[in-house]
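Participant: So I've got this file, run_11.txt, and it contains compact mmCIF, N, CA and C atoms:
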# COMPACT_ATOMS: atom_id res chain seq x y z
N MET A 1 14.88 -2.04 -5.88
CA MET A 1 14.56 -1.97 -7.29
C MET A 1 13.16 -2.55 -7.51
N LEU A 2 12.48 -1.96 -8.44
CA LEU A 2 11.16 -2.43 -8.81
C LEU A 2 11.22 -3.26 -10.08
N THR A 3 10.21 -4.08 -10.24
CA THR A 3 10.06 -4.89 -11.43
C THR A 3 8.71 -4.60 -12.05
N LYS A 4 8.67 -4.38 -13.35
CA LYS A 4 7.40 -4.20 -14.06
C LYS A 4 6.96 -5.57 -14.56
N ILE A 5 5.73 -5.91 -14.25
CA ILE A 5 5.18 -7.21 -14.59
C ILE A 5 3.95 -6.99 -15.48
N ARG A 6 3.92 -7.68 -16.59
CA ARG A 6 2.75 -7.59 -17.49
C ARG A 6 2.04 -8.94 -17.48
N LEU A 7 0.74 -8.85 -17.21
CA LEU A 7 -0.14 -10.02 -17.21
C LEU A 7 -1.15 -9.87 -18.33
N GLU A 8 -1.35 -10.94 -19.11
CA GLU A 8 -2.37 -10.94 -20.16
C GLU A 8 -3.30 -12.12 -19.93
N LEU A 9 -4.55 -11.91 -20.29
CA LEU A 9 -5.57 -12.93 -20.06
C LEU A 9 -5.19 -14.25 -20.71
N ALA A 10 -5.23 -15.31 -19.92
CA ALA A 10 -5.01 -16.66 -20.45
C ALA A 10 -6.30 -17.13 -21.11
N ARG A 11 -6.23 -18.24 -21.79
CA ARG A 11 -7.44 -18.72 -22.47
C ARG A 11 -8.52 -19.05 -21.44
N ASP A 12 -9.75 -18.75 -21.84
CA ASP A 12 -10.92 -19.09 -21.03
C ASP A 12 -12.09 -19.32 -21.98
N HIS A 13 -13.28 -19.53 -21.43
CA HIS A 13 -14.43 -19.87 -22.29
C HIS A 13 -14.79 -18.74 -23.24
N ASP A 14 -14.56 -17.47 -22.86
CA ASP A 14 -14.87 -16.35 -23.74
C ASP A 14 -13.72 -16.00 -24.69
N HIS A 15 -12.51 -16.43 -24.33
CA HIS A 15 -11.31 -16.12 -25.12
C HIS A 15 -10.47 -17.39 -25.25
N PRO A 16 -10.82 -18.28 -26.17
CA PRO A 16 -10.13 -19.56 -26.27
C PRO A 16 -8.64 -19.45 -26.58
N GLU A 17 -8.20 -18.33 -27.11
CA GLU A 17 -6.79 -18.12 -27.38
C GLU A 17 -6.16 -17.15 -26.38
N GLY A 18 -6.92 -16.76 -25.36
CA GLY A 18 -6.45 -15.72 -24.45
C GLY A 18 -6.64 -14.37 -25.11
N SER A 19 -6.12 -13.31 -24.47
CA SER A 19 -6.22 -11.98 -25.06
C SER A 19 -5.07 -11.10 -24.60
N ARG A 20 -4.38 -10.55 -25.58
CA ARG A 20 -3.30 -9.59 -25.27
C ARG A 20 -3.87 -8.24 -24.90
N ALA A 21 -5.16 -8.00 -25.19
CA ALA A 21 -5.79 -6.70 -24.94
C ALA A 21 -6.44 -6.59 -23.57
N ILE A 22 -6.43 -7.68 -22.80
CA ILE A 22 -7.02 -7.70 -21.47
C ILE A 22 -5.93 -8.09 -20.48
N GLY A 23 -5.68 -7.20 -19.54
CA GLY A 23 -4.64 -7.54 -18.58
C GLY A 23 -4.27 -6.43 -17.63
N TYR A 24 -3.08 -6.58 -17.08
CA TYR A 24 -2.56 -5.66 -16.08
C TYR A 24 -1.07 -5.46 -16.32
N GLU A 25 -0.59 -4.26 -16.00
CA GLU A 25 0.84 -4.02 -15.85
C GLU A 25 1.00 -3.38 -14.49
N PHE A 26 1.90 -3.93 -13.70
CA PHE A 26 2.12 -3.35 -12.38
C PHE A 26 3.58 -3.44 -12.00
N ALA A 27 3.95 -2.56 -11.08
CA ALA A 27 5.31 -2.53 -10.56
C ALA A 27 5.29 -3.07 -9.14
N ALA A 28 6.26 -3.93 -8.85
CA ALA A 28 6.37 -4.51 -7.52
C ALA A 28 7.84 -4.85 -7.26
N PRO A 29 8.26 -4.77 -6.01
CA PRO A 29 9.61 -5.20 -5.69
C PRO A 29 9.63 -6.72 -5.52
N LEU A 30 10.43 -7.40 -6.32
CA LEU A 30 10.52 -8.85 -6.22
C LEU A 30 11.83 -9.22 -5.54
N GLY A 31 11.75 -10.23 -4.70
CA GLY A 31 12.95 -10.77 -4.08
C GLY A 31 13.66 -11.70 -5.04
N PRO A 32 14.80 -12.27 -4.63
CA PRO A 32 15.55 -13.19 -5.49
C PRO A 32 14.75 -14.42 -5.89
N ASP A 33 13.72 -14.75 -5.08
CA ASP A 33 12.87 -15.91 -5.38
C ASP A 33 11.75 -15.58 -6.36
N GLY A 34 11.67 -14.30 -6.80
CA GLY A 34 10.63 -13.89 -7.74
C GLY A 34 9.31 -13.53 -7.09
N LYS A 35 9.25 -13.60 -5.77
CA LYS A 35 8.02 -13.26 -5.04
C LYS A 35 8.04 -11.80 -4.61
N ILE A 36 6.85 -11.22 -4.41
CA ILE A 36 6.76 -9.84 -3.95
C ILE A 36 7.36 -9.75 -2.55
N SER A 37 8.25 -8.80 -2.36
CA SER A 37 8.91 -8.59 -1.07
C SER A 37 8.10 -7.60 -0.23
N PRO A 38 7.45 -8.06 0.84
CA PRO A 38 6.65 -7.15 1.67
C PRO A 38 7.48 -6.01 2.28
N ASP A 39 8.70 -6.29 2.70
CA ASP A 39 9.53 -5.24 3.30
C ASP A 39 9.88 -4.17 2.28
N ASP A 40 10.27 -4.59 1.09
CA ASP A 40 10.60 -3.62 0.05
C ASP A 40 9.35 -2.89 -0.44
N TRP A 41 8.22 -3.58 -0.50
CA TRP A 41 6.97 -2.93 -0.88
C TRP A 41 6.65 -1.81 0.12
N HIS A 42 6.86 -2.06 1.40
CA HIS A 42 6.55 -1.05 2.41
C HIS A 42 7.35 0.23 2.14
N ARG A 43 8.61 0.10 1.77
CA ARG A 43 9.46 1.25 1.48
C ARG A 43 9.08 1.93 0.16
N LEU A 44 8.64 1.14 -0.81
CA LEU A 44 8.44 1.63 -2.18
C LEU A 44 6.98 1.69 -2.61
N ARG A 45 6.06 1.53 -1.68
CA ARG A 45 4.65 1.34 -2.06
C ARG A 45 4.07 2.45 -2.92
N ASP A 46 4.55 3.69 -2.77
CA ASP A 46 4.03 4.77 -3.62
C ASP A 46 4.39 4.57 -5.09
N HIS A 47 5.42 3.77 -5.36
CA HIS A 47 5.85 3.49 -6.73
C HIS A 47 5.23 2.21 -7.29
N CYS A 48 4.51 1.48 -6.47
CA CYS A 48 3.92 0.19 -6.88
C CYS A 48 2.55 0.44 -7.51
N ARG A 49 2.59 0.90 -8.75
CA ARG A 49 1.38 1.28 -9.47
C ARG A 49 0.89 0.12 -10.33
N VAL A 50 -0.39 0.17 -10.67
CA VAL A 50 -0.99 -0.83 -11.55
C VAL A 50 -1.82 -0.12 -12.61
N VAL A 51 -1.80 -0.67 -13.82
CA VAL A 51 -2.68 -0.23 -14.90
C VAL A 51 -3.48 -1.45 -15.34
N ARG A 52 -4.78 -1.33 -15.28
CA ARG A 52 -5.69 -2.38 -15.74
C ARG A 52 -6.16 -1.96 -17.13
N PHE A 53 -5.92 -2.79 -18.14
CA PHE A 53 -6.30 -2.42 -19.50
C PHE A 53 -7.31 -3.41 -20.08
N ARG A 54 -8.26 -2.83 -20.82
CA ARG A 54 -9.32 -3.57 -21.49
C ARG A 54 -9.60 -2.88 -22.82
N PRO A 55 -10.00 -3.64 -23.84
CA PRO A 55 -10.34 -2.99 -25.12
C PRO A 55 -11.57 -2.09 -24.96
N ASP A 56 -11.57 -0.98 -25.63
CA ASP A 56 -12.70 -0.05 -25.65
C ASP A 56 -13.05 0.52 -24.28
N GLU A 57 -12.08 0.52 -23.34
CA GLU A 57 -12.28 1.14 -22.03
C GLU A 57 -11.06 1.97 -21.71
N ASP A 58 -11.27 3.02 -20.92
CA ASP A 58 -10.14 3.76 -20.40
C ASP A 58 -9.39 2.87 -19.42
N ASP A 59 -8.07 3.03 -19.38
CA ASP A 59 -7.28 2.27 -18.42
C ASP A 59 -7.63 2.71 -17.00
N ASP A 60 -7.68 1.76 -16.09
CA ASP A 60 -7.80 2.05 -14.66
C ASP A 60 -6.40 2.07 -14.08
N ILE A 61 -6.11 3.09 -13.31
CA ILE A 61 -4.79 3.24 -12.71
C ILE A 61 -4.93 3.23 -11.20
N GLY A 62 -4.10 2.45 -10.54
CA GLY A 62 -4.17 2.36 -9.10
C GLY A 62 -2.86 1.92 -8.49
N HIS A 63 -2.96 1.26 -7.36
CA HIS A 63 -1.79 0.82 -6.60
C HIS A 63 -1.90 -0.66 -6.22
N LEU A 64 -0.75 -1.28 -6.07
CA LEU A 64 -0.65 -2.60 -5.46
C LEU A 64 -0.70 -2.36 -3.95
N ILE A 65 -1.63 -3.00 -3.27
CA ILE A 65 -1.76 -2.82 -1.82
C ILE A 65 -1.63 -4.17 -1.12
N ARG A 66 -1.27 -4.09 0.14
CA ARG A 66 -1.21 -5.28 0.99
C ARG A 66 -2.37 -5.21 1.96
N LYS A 67 -3.18 -6.24 1.98
CA LYS A 67 -4.36 -6.26 2.82
C LYS A 67 -4.04 -6.94 4.15
N PRO A 68 -4.89 -6.73 5.13
CA PRO A 68 -4.68 -7.43 6.41
C PRO A 68 -4.59 -8.94 6.17
N GLY A 69 -3.65 -9.57 6.84
CA GLY A 69 -3.43 -11.00 6.64
C GLY A 69 -2.35 -11.27 5.62
N GLY A 70 -1.89 -10.24 4.90
CA GLY A 70 -0.76 -10.42 3.99
C GLY A 70 -1.11 -10.67 2.54
N SER A 71 -2.39 -10.64 2.17
CA SER A 71 -2.73 -10.86 0.76
C SER A 71 -2.51 -9.55 -0.02
N TRP A 72 -2.39 -9.68 -1.34
CA TRP A 72 -2.13 -8.54 -2.21
C TRP A 72 -3.36 -8.27 -3.08
N ALA A 73 -3.56 -6.99 -3.42
CA ALA A 73 -4.70 -6.61 -4.25
C ALA A 73 -4.35 -5.36 -5.05
N PHE A 74 -5.14 -5.11 -6.09
CA PHE A 74 -5.05 -3.88 -6.85
C PHE A 74 -6.19 -2.98 -6.39
N HIS A 75 -5.85 -1.75 -6.04
CA HIS A 75 -6.82 -0.78 -5.54
C HIS A 75 -6.77 0.44 -6.46
N TYR A 76 -7.93 0.84 -7.00
CA TYR A 76 -7.96 1.87 -8.04
C TYR A 76 -8.42 3.24 -7.59
N ASP A 77 -9.09 3.35 -6.47
CA ASP A 77 -9.65 4.64 -6.06
C ASP A 77 -9.55 4.74 -4.55
N ILE A 78 -8.86 5.76 -4.07
CA ILE A 78 -8.66 5.84 -2.62
C ILE A 78 -9.98 6.03 -1.87
N HIS A 79 -11.03 6.42 -2.57
CA HIS A 79 -12.32 6.61 -1.92
C HIS A 79 -13.25 5.41 -2.11
N ALA A 80 -12.80 4.41 -2.85
CA ALA A 80 -13.65 3.24 -3.12
C ALA A 80 -13.67 2.30 -1.91
N ASP A 81 -14.66 1.48 -1.89
CA ASP A 81 -14.78 0.46 -0.86
C ASP A 81 -13.77 -0.65 -1.12
N ALA A 82 -13.21 -1.22 -0.07
CA ALA A 82 -12.22 -2.30 -0.22
C ALA A 82 -12.80 -3.50 -0.97
N GLU A 83 -14.11 -3.63 -0.99
CA GLU A 83 -14.73 -4.74 -1.71
C GLU A 83 -14.51 -4.61 -3.22
N ASP A 84 -14.19 -3.40 -3.70
CA ASP A 84 -13.95 -3.19 -5.12
C ASP A 84 -12.53 -3.55 -5.53
N ASP A 85 -11.65 -3.84 -4.57
CA ASP A 85 -10.29 -4.22 -4.89
C ASP A 85 -10.28 -5.54 -5.64
N GLU A 86 -9.32 -5.69 -6.54
CA GLU A 86 -9.13 -6.95 -7.25
C GLU A 86 -8.00 -7.69 -6.57
N SER A 87 -8.32 -8.80 -5.97
CA SER A 87 -7.34 -9.55 -5.18
C SER A 87 -6.59 -10.55 -6.03
N GLY A 88 -5.27 -10.57 -5.83
CA GLY A 88 -4.45 -11.59 -6.46
C GLY A 88 -4.57 -12.88 -5.67
N TYR A 89 -4.90 -13.96 -6.33
CA TYR A 89 -5.06 -15.24 -5.65
C TYR A 89 -3.68 -15.80 -5.31
N ARG A 90 -3.39 -15.86 -4.04
CA ARG A 90 -2.13 -16.40 -3.52
C ARG A 90 -0.90 -15.70 -4.09
N PHE A 91 -1.02 -14.37 -4.34
CA PHE A 91 0.12 -13.62 -4.87
C PHE A 91 1.33 -13.71 -3.93
N ALA A 92 1.10 -13.83 -2.64
CA ALA A 92 2.23 -13.91 -1.69
C ALA A 92 3.04 -15.18 -1.92
N ASP A 93 2.42 -16.21 -2.48
CA ASP A 93 3.09 -17.49 -2.70
C ASP A 93 3.66 -17.64 -4.11
N HIS A 94 3.27 -16.76 -5.02
CA HIS A 94 3.67 -16.89 -6.42
C HIS A 94 4.99 -16.21 -6.71
N ALA A 95 5.81 -16.89 -7.47
CA ALA A 95 6.98 -16.26 -8.08
C ALA A 95 6.52 -15.74 -9.43
N PHE A 96 6.85 -14.51 -9.74
CA PHE A 96 6.44 -13.91 -11.00
C PHE A 96 7.57 -14.11 -12.01
N ARG A 97 7.35 -15.11 -12.88
CA ARG A 97 8.33 -15.44 -13.92
C ARG A 97 7.59 -15.57 -15.24
N THR A 98 8.23 -15.11 -16.30
CA THR A 98 7.64 -15.17 -17.63
C THR A 98 7.17 -16.59 -17.94
N GLY A 99 5.92 -16.68 -18.41
CA GLY A 99 5.34 -17.97 -18.77
C GLY A 99 4.48 -18.59 -17.68
N ASP A 100 4.63 -18.11 -16.44
CA ASP A 100 3.82 -18.64 -15.35
C ASP A 100 2.41 -18.06 -15.41
N TYR A 101 1.51 -18.65 -14.64
CA TYR A 101 0.12 -18.22 -14.58
C TYR A 101 -0.23 -17.79 -13.17
N VAL A 102 -1.07 -16.74 -13.08
CA VAL A 102 -1.58 -16.27 -11.80
C VAL A 102 -3.07 -15.99 -11.97
N SER A 103 -3.78 -15.92 -10.87
CA SER A 103 -5.21 -15.64 -10.92
C SER A 103 -5.53 -14.38 -10.14
N ILE A 104 -6.55 -13.68 -10.62
CA ILE A 104 -7.01 -12.44 -9.99
C ILE A 104 -8.52 -12.52 -9.88
N ARG A 105 -9.03 -12.15 -8.70
CA ARG A 105 -10.48 -12.13 -8.49
C ARG A 105 -11.03 -10.81 -9.00
N GLU A 106 -11.89 -10.91 -10.03
CA GLU A 106 -12.55 -9.76 -10.63
C GLU A 106 -14.05 -9.96 -10.53
N ASP A 107 -14.75 -9.04 -9.91
CA ASP A 107 -16.22 -9.11 -9.83
C ASP A 107 -16.70 -10.50 -9.42
N ASP A 108 -16.17 -11.02 -8.36
CA ASP A 108 -16.57 -12.32 -7.80
C ASP A 108 -16.25 -13.52 -8.69
N ALA A 109 -15.41 -13.33 -9.69
CA ALA A 109 -14.97 -14.44 -10.54
C ALA A 109 -13.45 -14.47 -10.55
N LEU A 110 -12.90 -15.65 -10.57
CA LEU A 110 -11.45 -15.81 -10.62
C LEU A 110 -11.03 -15.97 -12.08
N ARG A 111 -10.15 -15.08 -12.57
CA ARG A 111 -9.66 -15.14 -13.94
C ARG A 111 -8.17 -15.43 -13.93
N THR A 112 -7.72 -16.17 -14.92
CA THR A 112 -6.32 -16.57 -14.99
C THR A 112 -5.59 -15.72 -16.02
N PHE A 113 -4.40 -15.29 -15.65
CA PHE A 113 -3.55 -14.45 -16.49
C PHE A 113 -2.18 -15.08 -16.62
N ARG A 114 -1.56 -14.86 -17.75
CA ARG A 114 -0.21 -15.36 -17.99
C ARG A 114 0.79 -14.23 -17.81
N VAL A 115 1.88 -14.50 -17.15
CA VAL A 115 2.95 -13.52 -16.99
C VAL A 115 3.71 -13.49 -18.32
N VAL A 116 3.64 -12.36 -19.02
CA VAL A 116 4.27 -12.28 -20.34
C VAL A 116 5.55 -11.45 -20.33
N ARG A 117 5.73 -10.65 -19.30
CA ARG A 117 6.97 -9.87 -19.22
C ARG A 117 7.28 -9.55 -17.76
N VAL A 118 8.55 -9.69 -17.42
CA VAL A 118 9.07 -9.32 -16.12
C VAL A 118 10.37 -8.58 -16.37
N GLN A 119 10.40 -7.29 -16.08
CA GLN A 119 11.60 -6.51 -16.37
C GLN A 119 11.88 -5.52 -15.25
N PRO A 120 13.15 -5.38 -14.88
CA PRO A 120 13.51 -4.42 -13.84
C PRO A 120 13.30 -2.99 -14.35
N VAL A 121 12.91 -2.11 -13.45
CA VAL A 121 12.80 -0.69 -13.76
C VAL A 121 13.54 0.09 -12.68
N GLU A 122 14.10 1.19 -13.08
CA GLU A 122 14.81 2.03 -12.12
C GLU A 122 13.90 3.18 -11.71
N LEU A 123 14.05 3.60 -10.48
CA LEU A 123 13.25 4.72 -9.97
C LEU A 123 13.87 6.04 -10.37
Once you've parsed the file, please lay out its structure as structure tokens.
Facilitator:
Amino acid sequence: MLTKIRLELARDHDHPEGSRAIGYEFAAPLGPDGKISPDDWHRLRDHCRVVRFRPDEDDDIGHLIRKPGGSWAFHYDIHADAEDDESGYRFADHAFRTGDYVSIREDDALRTFRVVRVQPVEL
């Protein structure tokens, strides 16, 4: 089973209240501990999609990928360079639970996002 996870920008210097309009929604198989299951991801990876949303921009659509060494990233274009991937900071160690915070590396900067929704989805 997959889980849909919604992340919204946490407060930062440009957004002191955070932003519901900046974030990600992605599907990932979570284990009972709330962490991404690499074995289940391997079986379901074609369904592990991500949508990156920003105000006044078209949504970017891609996939959750596993990089060498076991780290996780969002990849938007199969022809793009791996350097363009947005890496989840320690995603392998994080349990995805509503109210928790995670970080994603965007354009050489680490941004913090709050997990606002975690819901099972059926294939």
Participant: Using DSSP on the backbone coordinates, identify all residues within segment 49-119 of chain A classified as strand (DSSP E); present the result as a ChimeraX atom specification.
Facilitator: /A:49-53,60-66,72-75,86-89,101-106,109-119
Participant: Taking only C-alpha atoms into account, which of A:Pro55, A:Phe113, A:Tyr76, A:Asp100 comes nearest Gly88 of chain A?
Facilitator: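 Counting only C-alpha atoms, the residue closest to Gly88 of chain A is A:Phe113.
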Participant: Hey, which of A:Ile61, A:Ala92, A:Ile104, A:Ala28 ends up closest to Cys48 of chain A? Count only N, CA and C atoms.
Facilitator: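 Distance minimum relative to Cys48 of chain A lands on A:Ala28.
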Participant: Which centre and which edge lengths, in Å to one decimal, describe the axis-aligned box that holds all listed atoms of segment 63-68 of chain A after 3 Å is added on each side, as AutoDock Vina command-line options?
Facilitator:
--center_x -2.8 --center_y -3.8 --center_z -0.5 --size_x 10.2 --size_y 16.2 --size_z 19.8
Participant: Just give me the residues with any atom within 6.5 Å of (-5.1, -13.5, -12.0), file coordinates, counting all atoms listed in the file, written as a compact mmCIF listing (two decimals) with N, CA and C atoms, in the coordinates of the input.
Facilitator:
# COMPACT_ATOMS: atom_id res chain seq x y z
N GLY A 88 -5.27 -10.57 -5.83
CA GLY A 88 -4.45 -11.59 -6.46
C GLY A 88 -4.57 -12.88 -5.67
N TYR A 89 -4.90 -13.96 -6.33
CA TYR A 89 -5.06 -15.24 -5.65
C TYR A 89 -3.68 -15.80 -5.31
N VAL A 102 -1.07 -16.74 -13.08
CA VAL A 102 -1.58 -16.27 -11.80
C VAL A 102 -3.07 -15.99 -11.97
N SER A 103 -3.78 -15.92 -10.87
CA SER A 103 -5.21 -15.64 -10.92
C SER A 103 -5.53 -14.38 -10.14
N ILE A 104 -6.55 -13.68 -10.62
CA ILE A 104 -7.01 -12.44 -9.99
C ILE A 104 -8.52 -12.52 -9.88
N ARG A 105 -9.03 -12.15 -8.70
CA ARG A 105 -10.48 -12.13 -8.49
C ARG A 105 -11.03 -10.81 -9.00
N LEU A 110 -12.90 -15.65 -10.57
CA LEU A 110 -11.45 -15.81 -10.62
C LEU A 110 -11.03 -15.97 -12.08
N ARG A 111 -10.15 -15.08 -12.57
CA ARG A 111 -9.66 -15.14 -13.94
C ARG A 111 -8.17 -15.43 -13.93
N THR A 112 -7.72 -16.17 -14.92
CA THR A 112 -6.32 -16.57 -14.99
C THR A 112 -5.59 -15.72 -16.02
N PHE A 113 -4.40 -15.29 -15.65
CA PHE A 113 -3.55 -14.45 -16.49
C PHE A 113 -2.18 -15.08 -16.62
Participant: Given only C-alpha atoms as the basis, pick out the residue of A:Val116, A:Ala10, A:Leu123, A:Ile5 nearest to Asp46 of chain A.
Facilitator: A:Leu123
Participant: Find, counting only N, CA and C atoms, the residue in A:Asp56, A:Leu7, A:Tyr101, A:Asp39 that gets nearest to Phe26 of chain A.
Facilitator: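 That would be A:Leu7, the residue with the smallest distance to Phe26 of chain A.
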Participant: Contacts of Ala73 of chain A at 6 Å or less, counting only N, CA and C atoms, minus same-chain residues fewer than 3 places along, as a ChimeraX atom specification?
Facilitator: /A:63-67,85-88
